[in-house]
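Below is one structure, written out as C-alpha cells, with a few remarks after it.
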Amino acid sequence: MAVRTQEDLATLSELDEKSLLESLSNRFQQNHIYTYIGDILVAINPFKYLPLYEKTVSEKYKCHEKGDLPPHIFAVADRAYQSMLGRLATGPRNQCIVISGESGAGKTESTKLLLRQIMELCKANSQLEQQILQVNPLLEAFGNAQTVMNDNSSRFGKYIQLRFQNSSVKSAKINEYLLEKSRVVHQDEGERNFHIFYCMLAGISAEDKEMYGLLDPDLYRYINGKYGSPEMVNKWSTKYNEVCNAMDMVGFEEQEQVDMKTILAGILSLGNIKFEPQETGILKATEQSNGWLKAAAGQFGVQEEELVKCLICTTSVTRGESIKRNHSQQQAEDARDSIAKVAYGRVFGWIVSKINELLAPNVDLNEEHQEIGILDIFGFENFAVNRYEQLCINLANEQLQYFFNHHIFLMEQKEYKEEGIKWETITFKDNKPILDLFLAKPFGIFSLLDEQSAFPKATDTNFVDKLNSNFKGKPHFEIVRSHNPMFTVVHYAGKVQYNASGFLEKNRDTIPANIRGLFINSVTPLLSVLFAATISRTGTLMPQRRAKLSQAVEDNFNSTRKQSVGAQFKHSLTVLMEKMFAANPHFIRCIKPNASKQPDLLDSKVVMDQLRYNGLLETIRIRRDGFSWRPSFEEFAQRYRILLIKPDIPLNKESCLCILNNTDLKDWKCGSTRFFFKYWHQEQLAKCIDRLGKAATVIQKMYRGFCCKKKYVALVAEMRLRREQEMRQLKQEQEEEEKRRQLEIEQLEMEQENQSPPTAPVPFPRKRKPQPRPRSIPAETLQPRLLPPVPRPRSKLLEATPFDNDLENGTVLHMNAQEEAEAKQRWNKRCNTIRWFKETQARKVVRNGAFPNWFHGMITRRQAEDLMTDKSLGCFLIRVSESREGYTLTFRGKDRCRHYMIEMQTNGKYVILGEARAHPSLLDLIEYHKKVGILPFLELLTVPCGQRSNVEPDYEELKNLMLIPSSLAAEEDSEPSEHSSSDPVHLELLKLFAPLDQNQTMERQVPPVLKRISEKKLKTEAKESQRNCSEDHEESSNRRHFPRLYPSIRLAMREIQQVQQHFSECPKD
C-alpha cells in the first residue's frame, strides 16, 4: 500500500510500467492529482473542481520544505521564485517553467495557478499584480476555442516573462506564437470559432448590438450555426463581462475597445458576403449580400465601392501602367476569407502588443532584473484531418521534447562520462532525427515548403511530391497513396497523417494588395494602425504611429512580409529555445486521464501512451539513479563557504570537501571539476544555511540588544550627572541670590534709618462688608482660563495603515535639515495632488451641482478616523489622498477603521488596490461594493459618513471649488433660482466648502456698498460654477464612444433585416 500512495515516484522500490501506472491510478482515485518524479511534477487533469487552491493552501506553500507537504503546483511556483532570488542551493538566476502535455491535459489552467501563486509570493500591494492576473482570461477569449479534444484549447502559444527587482514584480511581457487564424473562417465538425465571437453575441446589450451592427448569431456563416444552449449563452455572457473588465483592468482605452469590437463585427459581416457573375462576367455581390457588404464597409470604416473592388479584382502597376485582373468566384471568396483571417490576426497581435506596453510602466532597461518565464504552448495534436497548423504545433512539441531530453538525459549523462563518474547509460527516445526532418537545410520539410511557396504556380501536390522524393526511405517519414496531397510523419508521440491541401497558401499568408492601402486609409484609427504596422522576424506585430503612414511604411511592410509564416515560426522557436537554455528549467508534465473529458475516470491505455512517449519511465530511472545538481568546485565553495565559519577560504576542491565533511550529506560523487548531487541534497544544504541564518539572527539580536542597552545605560548616567550638576548649579545660584537679596535689604534698612525722620503710625484700612452674590451671572463675565489642548488618546479601534502621512501646517517644531526637507517634499506632494484633483477629478465627482455626501475632500487619515469614531458598522467615506494622485476609502469595520487605496487607471477607471474589478466612476465603485464585499475581509459598504464632526475637516484647499458660499445661503434660499436645492446634504456641503469665518469686527468695517458688490460677485461666480459642473457631469454621463461610421452601420442593419424578412416570407407566398 505504501508503494501505491508514493508521493515521489523516484523512490519506488519496483520500477516498471505496471507499478508506475498503478501508483498514478491509485493517487488519482484519491484525488491526489499531483505526483513528483524527483524535482519534476506530474499533473493529471481531474476534469472537475478540487479544493486544492484556496487561500489557506496557498499560504502553506510559501517558503515551505518539500517533504513537509504533499506534491502541488504551488510548490513548483515557490521553488522557481526562491531559486530566482538565490535562496536555494543555486545563486540568483533566471528561471523558466515548462508546462507540456497533449491538448486537454490542463496546461492552461496550470499556467493560471502558477501565475496566481507567484503573484502571491511577490505581493507588494501593486496594481500591476492584478493586471498580470487579468491577462490570461483576456488572451483566452481571443486565442482559445473549442476543439474535439478540449473545450478550451489554446490555439496559440505563449511565453510569459515576469521581471522582478528586489523580490517584487516590475513588468511582464507576453510572447505569442502562431495563432491559428484559419479557424476564423472554417471549423471542423464538433469545433467552434474563437471564444470572443460567442461572448460578444451573448454579452453585448441589444442597444450596443445595434451600435456595432450585430444580428442573430444564426445568420453568420463564420459561426456556422454553433451557438449553443441557453445555459451556454449565459456562460458566454458572463465570460464577456469578464473580458471587458479584464481590458479595463489592464488599461485599454474605451475608444480602443469600441474600435476593436467593431472590427470583429466587421469580420463576421464580411463572411456573409457572397458573389455572383454578371452578364459581362465580372463578379458582384448577390442581392442578399448587399446589406452585409454595406455593414462590413461601415464597420471597417471604408467605402463600400472600394471594398468590393478589392474583393472581385486585383490591380497591379507595371512600368507605370495599371493592370486590372478580375477574380473568379473562388478567388473572390478566398480573398474575402484572407481579409478576415489577416484582420483577426492583426487584432490579436495588437492586443498582445498593447498588453506588453501597459505591463511595462516606466521600466528602466539599464537596471538588472531577474526573470521567471512560464511556457504555455499548444499540446500535441492528432485529429481526423491534420492541416498546416497541426504541423507547426507538433513541431513546437518536438522542440519541447528535445529540450526536455537534452536537459534530463543528454547533458547529464555526457557530464558523467567527462567527469569519470561510474554510470550505466540510460537509453531514451531521442527525437533529434525528427527535428532534422523538419528543420534541416536545404532539404527539410519547411525549407522545401518555402521553396515551393516562392513559385506562384506551384501546387500542394508538387510540394508533397517533393517530400516523397527527398524523404523516401526515411524512418520518420511515410508516403501516403491518395488522390489528395497527403504525407505521414512518425512523431515522438506517434504517427500523424497530414493533409497538405492549403499548405502553400497558408505559408505565404498573402492578402489582396489593394486591401492594405484601403485599410491604412480607414477612418477607424485602430484598423489603420493594424495594417500600417510592420511584422518582426518572429511574426510579432509592431504598431507604428499614424504620422508614419506613408509609402516608406508600405515598403517596409512589403519587405517584412517576404518572410513566410513557416520561416517566422522557426525563428520564433529558435529565440524561445535560446531563452529557455539560458534559464534554470522546472518541468510540469500534464497528463490527460481519458479522451471523453469525464471526471473520476482514468483510461489505462490513454495514460500509458502518454507516459511512454513522454519518456517518464526513463525520467524516473535517471532521477532515482542520477545526479540532477552538478555545481563546479568554485560555485559550491562560493555558495556554501559560510558552513565552515571561516573567512577567506580558497575556492578549491579541498575547501569543498571540508564543507561536505561538516554536513550529513550522503550519496554524492566528486568528479574532476565538479560535484554530483541528488535532487534532495539542495534542500538539505539549504536547511544547513537556514540553521546558520537563524543562529546569526539570534547573535545579531543579542549583540544589538547589548549595544543598545550599553548606550542606554551610558545615556541615563550622563543625563543623571547632567541633572545633578544642573541642580547643584541651580541651588548655588539660589543661595547666592538669597545672600545678595538679604544684603540689599539690610543696606536699604540702614539707609532708611539714617535718612528718614520718625513718623506716626498709619492705621490699617477698614474691611469692606461682603456683598451678596447675584443669582445669575452673564456668560461673558465667566471666561474660562485658556488651557493648552490635550491630545486625544488614540482609540484601539483605529488601525494604523501606511497611507497618507499627516502633515499639519505649523505643527512641526525644531526640525533639522532632513526633517525640513521631508516635510517640504510631503507638502509639495499635497499641493500636486490638489492640483491634480482640481484639474482632472473635481467635475467627475460633482453630482447635481454639489459634492456627494460620501466625499470628504482632502482630509487626513486621523480626521477621517475621528469622523468614524461613533459611526455604525459599514459606514464609509472617500477622501483625496495627500501623498499621491488617487483616493482612499475609509471604512468602519467590525473592530477598527480600515483604509483602502483607490487607484486610477491610465484609461480613467477606478480600482480598489487588490481588487480585480475596474469601475467607470467612484459612484459605480460604491454601488458595486454595497453588494459585493471588499477583499480580503468581504466587508460591505452601508451608509455614507455625514459631513459634520467636532473636528473640522480640512476643506480649505478645495474652497475654490465651492458652489455657493454659506454666507449667502439664506439669501439664496429666499431667491428663486433654477440651481437652488433644498437637499440638506447639499446645504451642509455648501457650509463646509465656504471660506473660513472672518473676524466679525472686521466685517463691520466694510462699507455696505462694497459688501453688497462683493456678495453679488460671489453669488454670480457660484451660480456659474454650479451650472458648469452640472453641464459637465451631464455631458460626461451621456458621453459614449461610437464606431466612426455608426449611421452607415445602422442603415445596413435595417437593410439586412428587411432582406431577411422578405426571403423568409417568400415561401409562404
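Chain labels follow the order of the C-alpha cells: the first chain is A, the next B, and so on; residue numbering restarts at 1 in every chain, and ligands are counted from 1 in their shown order.
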Using only C-alpha atoms, tabulate the residues of range 60-121 of chain A lying at most 6 Å from any atom of range 33-46 of chain A, each with its closest atom pair and that distance in Å to one decimal, by chain and increasing residue number, as a tab-separated table.
```
residue	atom	partner	partner_atom	distance
A:Pro71	CA	A:Tyr34	CA	5.5
A:His72	CA	A:Tyr34	CA	5.7
A:Ala105	CA	A:Asn45	CA	5.6
A:Gly106	CA	A:Asn45	CA	5.5
```
Neighbouring residues of Ser632 in chain A were defined as those with any atom within 7 Å, considering only C-alpha atoms; residues of the same chain fewer than 6 positions away were excluded. Please report them as a PyMOL selection string. chain A and resi 673-675
Counting only C-alpha atoms, which of A:Gly705, A:Pro70, A:Gly502, A:Gly251 gets nearest to Thr461 in chain A?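 Answer, going by the shortest atom-to-atom distance: A:Gly502.
With CA of Ser23 in chain A on one side and CA of Glu7 in chain A on the other, the separation reads 9.0 Å.
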Write out as JSON lines the residues of range 266-380 of chain A that have any atom within 10 Å of an atom of range 513-523 of chain A, one row each with the nearest atom pair and its distance in Å to one decimal, counting only C-alpha atoms, sorted by chain and then rising number.
```
{"residue": "A:Ala297", "atom": "CA", "partner": "A:Ser522", "partner_atom": "CA", "distance": 9.7}
{"residue": "A:Gly298", "atom": "CA", "partner": "A:Val523", "partner_atom": "CA", "distance": 9.6}
{"residue": "A:Gln299", "atom": "CA", "partner": "A:Val523", "partner_atom": "CA", "distance": 9.9}
{"residue": "A:Phe300", "atom": "CA", "partner": "A:Ser522", "partner_atom": "CA", "distance": 7.0}
{"residue": "A:Gly301", "atom": "CA", "partner": "A:Val523", "partner_atom": "CA", "distance": 5.0}
{"residue": "A:Val302", "atom": "CA", "partner": "A:Ser522", "partner_atom": "CA", "distance": 5.4}
{"residue": "A:Gln303", "atom": "CA", "partner": "A:Ser522", "partner_atom": "CA", "distance": 8.7}
{"residue": "A:Glu306", "atom": "CA", "partner": "A:Leu518", "partner_atom": "CA", "distance": 7.4}
{"residue": "A:Leu307", "atom": "CA", "partner": "A:Ile515", "partner_atom": "CA", "distance": 7.7}
{"residue": "A:Lys309", "atom": "CA", "partner": "A:Asn514", "partner_atom": "CA", "distance": 8.8}
{"residue": "A:Cys310", "atom": "CA", "partner": "A:Asn514", "partner_atom": "CA", "distance": 5.9}
{"residue": "A:Leu311", "atom": "CA", "partner": "A:Ile515", "partner_atom": "CA", "distance": 8.5}
{"residue": "A:Cys313", "atom": "CA", "partner": "A:Asn514", "partner_atom": "CA", "distance": 9.3}
{"residue": "A:Thr314", "atom": "CA", "partner": "A:Asn514", "partner_atom": "CA", "distance": 7.2}
{"residue": "A:Thr315", "atom": "CA", "partner": "A:Asn514", "partner_atom": "CA", "distance": 7.2}
{"residue": "A:Ser316", "atom": "CA", "partner": "A:Ala513", "partner_atom": "CA", "distance": 8.1}
{"residue": "A:Ala335", "atom": "CA", "partner": "A:Ile515", "partner_atom": "CA", "distance": 9.5}
{"residue": "A:Ile339", "atom": "CA", "partner": "A:Ile515", "partner_atom": "CA", "distance": 7.8}
{"residue": "A:Ala343", "atom": "CA", "partner": "A:Phe519", "partner_atom": "CA", "distance": 9.8}
```
Leaving out range 583-594 of chain A and any residue of its chain fewer than 5 positions from it, which residues lie within 9 Å of it when counting only C-alpha atoms, given as JSON, numbers by chain? {"A": [39, 40, 41, 42, 43, 44, 45, 46, 47, 73, 76, 79, 80, 83, 84, 93, 94, 95, 96, 97, 98, 99, 100, 101, 102, 103, 104, 105, 106, 107, 110, 371, 372, 373, 404, 407, 578, 599, 600, 601, 602, 603, 604, 605, 606, 607, 610, 611, 614]}
Tell me which protein, DNA and RNA residues are within 12 Å of range 450-458 of chain A, counting only C-alpha atoms, leaving out same-chain ones fewer than 6 positions away, and put them as a short mmCIF file (atom, residue, chain, number, x, y, z; two decimals) with N, CA, C and O atoms, in the first residue's frame.
```
data_model
loop_
_atom_site.label_atom_id
_atom_site.label_comp_id
_atom_site.auth_asym_id
_atom_site.auth_seq_id
_atom_site.Cartn_x
_atom_site.Cartn_y
_atom_site.Cartn_z
N LEU A 439 13.59 20.73 -39.91
CA LEU A 439 14.32 21.99 -39.92
C LEU A 439 15.62 21.96 -40.70
O LEU A 439 16.26 23.03 -40.83
N LYS A 441 18.44 22.17 -43.51
CA LYS A 441 18.57 22.98 -44.74
C LYS A 441 19.57 22.27 -45.65
O LYS A 441 20.59 21.75 -45.19
N PRO A 442 19.29 22.23 -46.94
CA PRO A 442 18.16 22.85 -47.64
C PRO A 442 17.01 21.89 -47.93
O PRO A 442 16.12 22.21 -48.72
N PHE A 443 17.05 20.70 -47.32
CA PHE A 443 16.06 19.68 -47.69
C PHE A 443 15.18 19.27 -46.52
O PHE A 443 14.74 18.13 -46.44
N GLY A 444 14.90 20.17 -45.60
CA GLY A 444 13.91 19.90 -44.56
C GLY A 444 12.51 20.22 -45.07
O GLY A 444 12.32 20.85 -46.12
N VAL A 464 4.07 17.92 -52.01
CA VAL A 464 4.08 16.55 -51.46
C VAL A 464 4.98 15.65 -52.31
O VAL A 464 5.70 14.79 -51.76
N ASP A 465 4.96 15.84 -53.63
CA ASP A 465 5.86 15.05 -54.49
C ASP A 465 7.32 15.31 -54.15
O ASP A 465 8.14 14.39 -54.15
N LYS A 466 7.63 16.59 -53.83
CA LYS A 466 8.99 16.94 -53.42
C LYS A 466 9.37 16.21 -52.13
O LYS A 466 10.49 15.68 -52.00
N LEU A 467 8.44 16.18 -51.17
CA LEU A 467 8.71 15.49 -49.92
C LEU A 467 8.93 13.99 -50.16
O LEU A 467 9.86 13.39 -49.59
N GLY A 502 -3.81 23.37 -49.06
CA GLY A 502 -3.76 24.72 -48.49
C GLY A 502 -2.44 25.05 -47.82
O GLY A 502 -2.29 26.15 -47.27
N PHE A 503 -1.46 24.13 -47.83
CA PHE A 503 -0.18 24.39 -47.17
C PHE A 503 0.52 25.61 -47.77
O PHE A 503 1.01 26.48 -47.04
N LEU A 504 0.61 25.67 -49.10
CA LEU A 504 1.34 26.76 -49.75
C LEU A 504 0.67 28.11 -49.48
O LEU A 504 1.35 29.09 -49.17
N GLU A 505 -0.66 28.15 -49.57
CA GLU A 505 -1.36 29.42 -49.37
C GLU A 505 -1.23 29.89 -47.92
O GLU A 505 -1.02 31.08 -47.67
N LYS A 506 -1.33 28.98 -46.98
CA LYS A 506 -1.19 29.37 -45.57
C LYS A 506 0.23 29.78 -45.25
O LYS A 506 0.45 30.67 -44.42
N ASN A 507 1.19 29.16 -45.90
CA ASN A 507 2.59 29.52 -45.65
C ASN A 507 2.91 30.89 -46.23
O ASN A 507 3.70 31.65 -45.65
N ARG A 508 2.29 31.23 -47.38
CA ARG A 508 2.51 32.57 -47.97
C ARG A 508 1.80 33.65 -47.15
O ARG A 508 2.31 34.73 -46.96
N ASP A 509 0.56 33.33 -46.70
CA ASP A 509 -0.25 34.27 -45.90
C ASP A 509 -0.38 35.62 -46.61
O ASP A 509 -0.15 36.68 -46.04
N THR A 510 -0.80 35.57 -47.86
CA THR A 510 -0.94 36.80 -48.65
C THR A 510 -2.34 37.36 -48.51
O THR A 510 -3.30 36.64 -48.21
N LYS A 562 7.94 39.38 -46.91
CA LYS A 562 8.55 38.38 -47.76
C LYS A 562 8.86 37.11 -46.98
O LYS A 562 9.02 36.04 -47.57
N GLN A 563 8.97 37.22 -45.68
CA GLN A 563 9.17 36.04 -44.86
C GLN A 563 7.89 35.23 -44.79
O GLN A 563 6.82 35.78 -44.55
N SER A 564 8.01 33.93 -44.98
CA SER A 564 6.83 33.07 -44.89
C SER A 564 6.45 32.85 -43.45
O SER A 564 7.22 33.12 -42.51
N VAL A 565 5.25 32.32 -43.24
CA VAL A 565 4.79 32.02 -41.89
C VAL A 565 5.68 30.96 -41.26
O VAL A 565 6.03 31.03 -40.08
N GLY A 566 6.09 29.96 -42.06
CA GLY A 566 6.96 28.92 -41.54
C GLY A 566 8.31 29.47 -41.10
O GLY A 566 8.84 29.06 -40.06
N ALA A 567 8.88 30.39 -41.88
CA ALA A 567 10.17 30.98 -41.51
C ALA A 567 10.05 31.78 -40.22
O ALA A 567 10.93 31.74 -39.35
N GLN A 568 8.96 32.54 -40.08
CA GLN A 568 8.74 33.30 -38.85
C GLN A 568 8.60 32.36 -37.65
O GLN A 568 9.15 32.62 -36.57
N LYS A 570 9.77 29.26 -37.30
CA LYS A 570 11.05 28.65 -36.98
C LYS A 570 11.94 29.63 -36.21
O LYS A 570 12.60 29.24 -35.23
#
```
Using DSSP on the backbone coordinates, identify the residues of range 366-448 of chain A assigned to strand (DSSP E or B); present them as a list in words.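 The strand (DSSP E or B) residues within range 366-448 of chain A come out as Gln370, Glu371, Ile372, Gly373, Ile374, Leu375, Asp376 and Asn386 of chain A.
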Those residues with all heavy atoms, as a PDB file, in the first residue's frame please?
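Once everything was written out, this is result28.pdb:
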```
ATOM      1  N   GLN A 370      15.727  40.111 -12.436  1.00  0.00           N
ATOM      2  CA  GLN A 370      15.614  38.653 -12.505  1.00  0.00           C
ATOM      3  C   GLN A 370      14.313  38.309 -13.233  1.00  0.00           C
ATOM      4  O   GLN A 370      13.416  39.141 -13.332  1.00  0.00           O
ATOM      5  CB  GLN A 370      15.606  38.040 -11.100  1.00  0.00           C
ATOM      6  CG  GLN A 370      16.965  38.037 -10.421  1.00  0.00           C
ATOM      7  CD  GLN A 370      17.285  39.342  -9.735  1.00  0.00           C
ATOM      8  OE1 GLN A 370      16.417  39.963  -9.161  1.00  0.00           O
ATOM      9  NE2 GLN A 370      18.532  39.760  -9.798  1.00  0.00           N
ATOM     10  N   GLU A 371      14.246  37.084 -13.716  1.00  0.00           N
ATOM     11  CA  GLU A 371      13.109  36.738 -14.578  1.00  0.00           C
ATOM     12  C   GLU A 371      12.635  35.315 -14.312  1.00  0.00           C
ATOM     13  O   GLU A 371      13.430  34.417 -14.049  1.00  0.00           O
ATOM     14  CB  GLU A 371      13.528  36.897 -16.037  1.00  0.00           C
ATOM     15  CG  GLU A 371      12.432  36.632 -17.044  1.00  0.00           C
ATOM     16  CD  GLU A 371      12.906  36.857 -18.463  1.00  0.00           C
ATOM     17  OE1 GLU A 371      13.259  38.003 -18.806  1.00  0.00           O
ATOM     18  OE2 GLU A 371      12.939  35.866 -19.229  1.00  0.00           O
ATOM     19  N   ILE A 372      11.321  35.159 -14.365  1.00  0.00           N
ATOM     20  CA  ILE A 372      10.697  33.829 -14.368  1.00  0.00           C
ATOM     21  C   ILE A 372       9.845  33.743 -15.633  1.00  0.00           C
ATOM     22  O   ILE A 372       8.968  34.589 -15.852  1.00  0.00           O
ATOM     23  CB  ILE A 372       9.817  33.597 -13.128  1.00  0.00           C
ATOM     24  CG1 ILE A 372      10.669  33.602 -11.849  1.00  0.00           C
ATOM     25  CG2 ILE A 372       9.080  32.267 -13.233  1.00  0.00           C
ATOM     26  CD1 ILE A 372       9.859  33.408 -10.587  1.00  0.00           C
ATOM     27  N   GLY A 373      10.111  32.752 -16.446  1.00  0.00           N
ATOM     28  CA  GLY A 373       9.326  32.545 -17.662  1.00  0.00           C
ATOM     29  C   GLY A 373       8.404  31.342 -17.513  1.00  0.00           C
ATOM     30  O   GLY A 373       8.787  30.326 -16.922  1.00  0.00           O
ATOM     31  N   ILE A 374       7.184  31.464 -18.032  1.00  0.00           N
ATOM     32  CA  ILE A 374       6.210  30.363 -17.998  1.00  0.00           C
ATOM     33  C   ILE A 374       5.792  30.072 -19.438  1.00  0.00           C
ATOM     34  O   ILE A 374       5.247  30.947 -20.112  1.00  0.00           O
ATOM     35  CB  ILE A 374       4.983  30.720 -17.142  1.00  0.00           C
ATOM     36  CG1 ILE A 374       5.403  31.086 -15.716  1.00  0.00           C
ATOM     37  CG2 ILE A 374       3.989  29.562 -17.116  1.00  0.00           C
ATOM     38  CD1 ILE A 374       4.255  31.547 -14.851  1.00  0.00           C
ATOM     39  N   LEU A 375       6.047  28.863 -19.878  1.00  0.00           N
ATOM     40  CA  LEU A 375       5.710  28.459 -21.246  1.00  0.00           C
ATOM     41  C   LEU A 375       4.412  27.668 -21.242  1.00  0.00           C
ATOM     42  O   LEU A 375       4.324  26.596 -20.641  1.00  0.00           O
ATOM     43  CB  LEU A 375       6.840  27.622 -21.847  1.00  0.00           C
ATOM     44  CG  LEU A 375       6.593  27.152 -23.287  1.00  0.00           C
ATOM     45  CD1 LEU A 375       6.524  28.337 -24.241  1.00  0.00           C
ATOM     46  CD2 LEU A 375       7.685  26.191 -23.728  1.00  0.00           C
ATOM     47  N   ASP A 376       3.399  28.210 -21.914  1.00  0.00           N
ATOM     48  CA  ASP A 376       2.115  27.521 -22.105  1.00  0.00           C
ATOM     49  C   ASP A 376       1.872  27.470 -23.608  1.00  0.00           C
ATOM     50  O   ASP A 376       1.417  28.447 -24.206  1.00  0.00           O
ATOM     51  CB  ASP A 376       0.991  28.272 -21.379  1.00  0.00           C
ATOM     52  CG  ASP A 376      -0.381  27.685 -21.691  1.00  0.00           C
ATOM     53  OD1 ASP A 376      -0.444  26.505 -22.078  1.00  0.00           O
ATOM     54  OD2 ASP A 376      -1.387  28.418 -21.566  1.00  0.00           O
ATOM     55  N   ASN A 386      -5.535  16.594 -40.270  1.00  0.00           N
ATOM     56  CA  ASN A 386      -4.473  17.449 -39.731  1.00  0.00           C
ATOM     57  C   ASN A 386      -3.941  18.348 -40.839  1.00  0.00           C
ATOM     58  O   ASN A 386      -3.546  17.859 -41.908  1.00  0.00           O
ATOM     59  CB  ASN A 386      -3.344  16.589 -39.154  1.00  0.00           C
ATOM     60  CG  ASN A 386      -3.814  15.720 -38.002  1.00  0.00           C
ATOM     61  OD1 ASN A 386      -4.071  16.194 -36.904  1.00  0.00           O
ATOM     62  ND2 ASN A 386      -3.960  14.417 -38.277  1.00  0.00           N
TER      63      ASN A 386
END
```
Find, counting only C-alpha atoms, the residue in A:Met702, A:Ile479, A:Ala864, A:Leu21 that gets nearest to Tyr498 in chain A.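 Of A:Met702, A:Ile479, A:Ala864, A:Leu21, the one nearest Tyr498 in chain A, counting only C-alpha atoms, is A:Ile479.
One finds CA of Tyr402 in chain A at 17.4 Å from CA of Ser628 in chain A.
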Leaving out Asn397 in chain A and any residue of its chain fewer than 4 positions from it, which residues lie within 10 Å of it when counting only C-alpha atoms, given as a list in words?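 That gives Ser100, Gly101, Glu102, Ile377, Phe378, Gly379, Phe380, Glu381, Cys392, Ile393, Gln401, Tyr402, Phe403, His491, Tyr492 and Ala493 of chain A.
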I need the residue nearest Ser25 in chain A from this list: A:Met608, A:Tyr61, A:Ser171, A:Val347. Use only C-alpha atoms for the distance.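 Residue with the minimum atom-to-atom distance to Ser25 in chain A: A:Met608.
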Test item: residues at most 10 Å from Thr427 in chain A, only C-alpha atoms, excluding those fewer than 3 positions along its chain, as a list in words: Phe409, Leu410, Glu424, Asp430, Glu618 and Ile622 of chain A
Could you write those residues out with C-alpha atoms, as a short mmCIF file (atom, residue, chain, number, x, y, z; two decimals), in the first residue's frame?
```
data_model
loop_
_atom_site.label_atom_id
_atom_site.label_comp_id
_atom_site.auth_asym_id
_atom_site.auth_seq_id
_atom_site.Cartn_x
_atom_site.Cartn_y
_atom_site.Cartn_z
CA PHE A 409 19.30 12.87 -20.38
CA LEU A 410 21.87 14.17 -22.89
CA GLU A 424 25.23 2.81 -16.57
CA ASP A 430 15.91 10.76 -28.99
CA GLU A 618 13.29 6.71 -18.18
CA ILE A 622 17.57 8.89 -14.19
#
```
If we count only C-alpha atoms, what is near Leu922 in chain A at a cut-off of 12 Å, once residues fewer than 4 positions away on the same chain are taken out, given as number ranges by chain? A: 841-842, 844-847, 851-852, 854-855, 877-880, 886-889, 902-904, 908-912, 918, 926-929
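Of the residues listed (A:Cys670, A:Leu616, A:Leu15, A:Met149), A:Cys670 shows the shortest atom-to-atom separation from Glu415 in chain A; distances use only C-alpha atoms.
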